[in-house]
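Q: I have a structure I would like to understand better, so I am pasting it below and will then ask my questions one at a time.
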Amino acid sequence: MPKLQINPVTIGRLAKASGVKVTTIRYYESIGLIDPPDRSEGGQRIYDQKAVERMRFIRHARDLGFPLEAIRELIALSRNEQRSCAEVDEIARRHTEDIKQRIKRLKSLERELCRMIKECSVDRISDCRIMEVLSNHELCASEH
């Protein structure tokens, strides 16, 4: 995808160009994920093309579920373009494993909830199996 040259932009335009809310951009700036921008004479934040690209990178990584610390690592690694991407691969593998574990946990939760619903008589709250199981974790069929 060709890079579009974007003239310096305000935080509002950066938000629009990257699909990230203004408050989130300020947060990313405060935690060092993006460099502090230059300021206009009036004190307004002014971002360059590099900031737009960085925000798009962060947004896409967040959309893929990468945690902020992993994104921080990836940004640090990207500063040396001649470096092997083995560490990047490891970060992606670690994230993939985390996703697999979350999926496994969610499937377990789904099975447990379906079991609770199936066992519910749908009569009165006092006889509700869902309420009973939610009140006593020992009644669950699996650990979750």
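Simple scheme: letters A, B, ... for chains in structure tokens order, numbers from 1 for residues in each chain, numbers from 1 for ligands in the order shown.
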Within chain A, find each residue whose DSSP state, derived from the backbone, is alpha helix (DSSP H), and express the selection as number ranges by chain.

A: A: 11-18, 22-30, 49-63, 68-78, 86-119, 129-135

Q: For Asp48 of chain A, work out the shell of residues within 8 Å, counting only C-alpha atoms and skipping chain neighbours fewer than 6 positions away, then give it as a VMD selection string.

A: chain A and resid 6 to 9 37

Q: Can you build me a table of segment 56-84 of chain A residues sitting at most 8 Å from segment 91-112 of chain A, with the closest atom pair per residue and its distance in Å to one decimal, using only C-alpha atoms, sorted by chain and residue number, as a Markdown table?

A:
```
| residue | atom | partner | partner_atom | distance |
| --- | --- | --- | --- | --- |
| A:Phe66 | CA | A:His95 | CA | 6.6 |
| A:Ala70 | CA | A:Ile91 | CA | 6.7 |
| A:Leu74 | CA | A:Ile91 | CA | 7.9 |
```

Q: Produce a file of the selected residues containing C-alpha atoms, as a PDB file, in the first residue's frame.

A:
```
ATOM      1  CA  PHE A  66      -1.949  -7.055  20.896  1.00  0.00           C
ATOM      2  CA  ALA A  70       3.758  -5.999  23.084  1.00  0.00           C
ATOM      3  CA  LEU A  74       7.316  -3.984  18.449  1.00  0.00           C
TER       4      LEU A  74
END
```

Q: What lies within 12 Å of Val133 of chain A using only C-alpha atoms, ignoring chain neighbours under 4 positions off, as a list in words?

A: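 Selected residues are Glu112, Leu113, Arg115, Met116, Ile117, Glu119, Cys120, Asp127, Cys128, Arg129, His137, Glu138, Leu139, Cys140, Ala141 and Ser142 of chain A.
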
Q: Go through segment 41-140 of chain A residue by residue and, counting only C-alpha atoms, keep those with an atom at most 8 Å from segment 16-21 of chain A; for each kept residue give the shortest atom pair and its distance in Å to one decimal, ordered by chain and increasing number, as a Markdown table.

A:
```
| residue | atom | partner | partner_atom | distance |
| --- | --- | --- | --- | --- |
| A:Val52 | CA | A:Ser18 | CA | 6.6 |
| A:Met55 | CA | A:Ser18 | CA | 5.9 |
| A:Arg56 | CA | A:Ser18 | CA | 5.0 |
| A:Arg59 | CA | A:Val20 | CA | 6.8 |
```

Q: Mind the document's chain letters and residue numbers, and return as a list in words the residues of chain A that DSSP labels strand (DSSP E).

A: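 Of chain A, the ones in strand (DSSP E) are Asp38, Arg39, Arg45 and Ile46 of chain A.
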
Q: Of the residues A:Glu132, A:Glu143, A:Glu73, A:Asp123, which is the one nearest to Leu33 of chain A, using only C-alpha atoms?

A: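 Of all the options, A:Glu73 lies closest to Leu33 of chain A.
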
Q: Any idea what the distance is between atom CA of Ile11 of chain A and atom CA of Arg39 of chain A?

A: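 About the pair atom CA of Ile11 of chain A and atom CA of Arg39 of chain A: they are 10.7 Å apart.
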
Q: What is the atom CA of Glu41 of chain A to atom CA of Glu29 of chain A distance in Å?

A: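 Straight-line distance from atom CA of Glu41 of chain A to atom CA of Glu29 of chain A works out to 19.8 Å.
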
Q: What is the distance, in Å and to one decimal place, between atom CA of Phe57 of chain A and atom CA of Gly43 of chain A?

A: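 Separation of atom CA of Phe57 of chain A and atom CA of Gly43 of chain A: 26.1 Å.
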
Q: Name the residues in contact with Asp35 of chain A at a cut-off of 12 Å, using only C-alpha atoms, excluding same-chain residues fewer than 5 positions from it; report them as a PyMOL selection string.

A: chain A and resi 25-30+45-48+50-52+54-55+75

Q: Using only C-alpha atoms, which of the listed residues (A:Ile34, A:Leu64, A:Ala15, A:Met131) sits closest to Ala76 of chain A?

A: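 Under the stated criterion, the closest residue is A:Ile34.
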
Q: Select, from A:Asp38, A:Gln44, A:Thr24, A:Leu134, the residue with the minimum atom-to-atom distance to Ile58 of chain A, counting only C-alpha atoms.

A: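 Looking at the shortest contact to Ile58 of chain A, the residue is A:Thr24.
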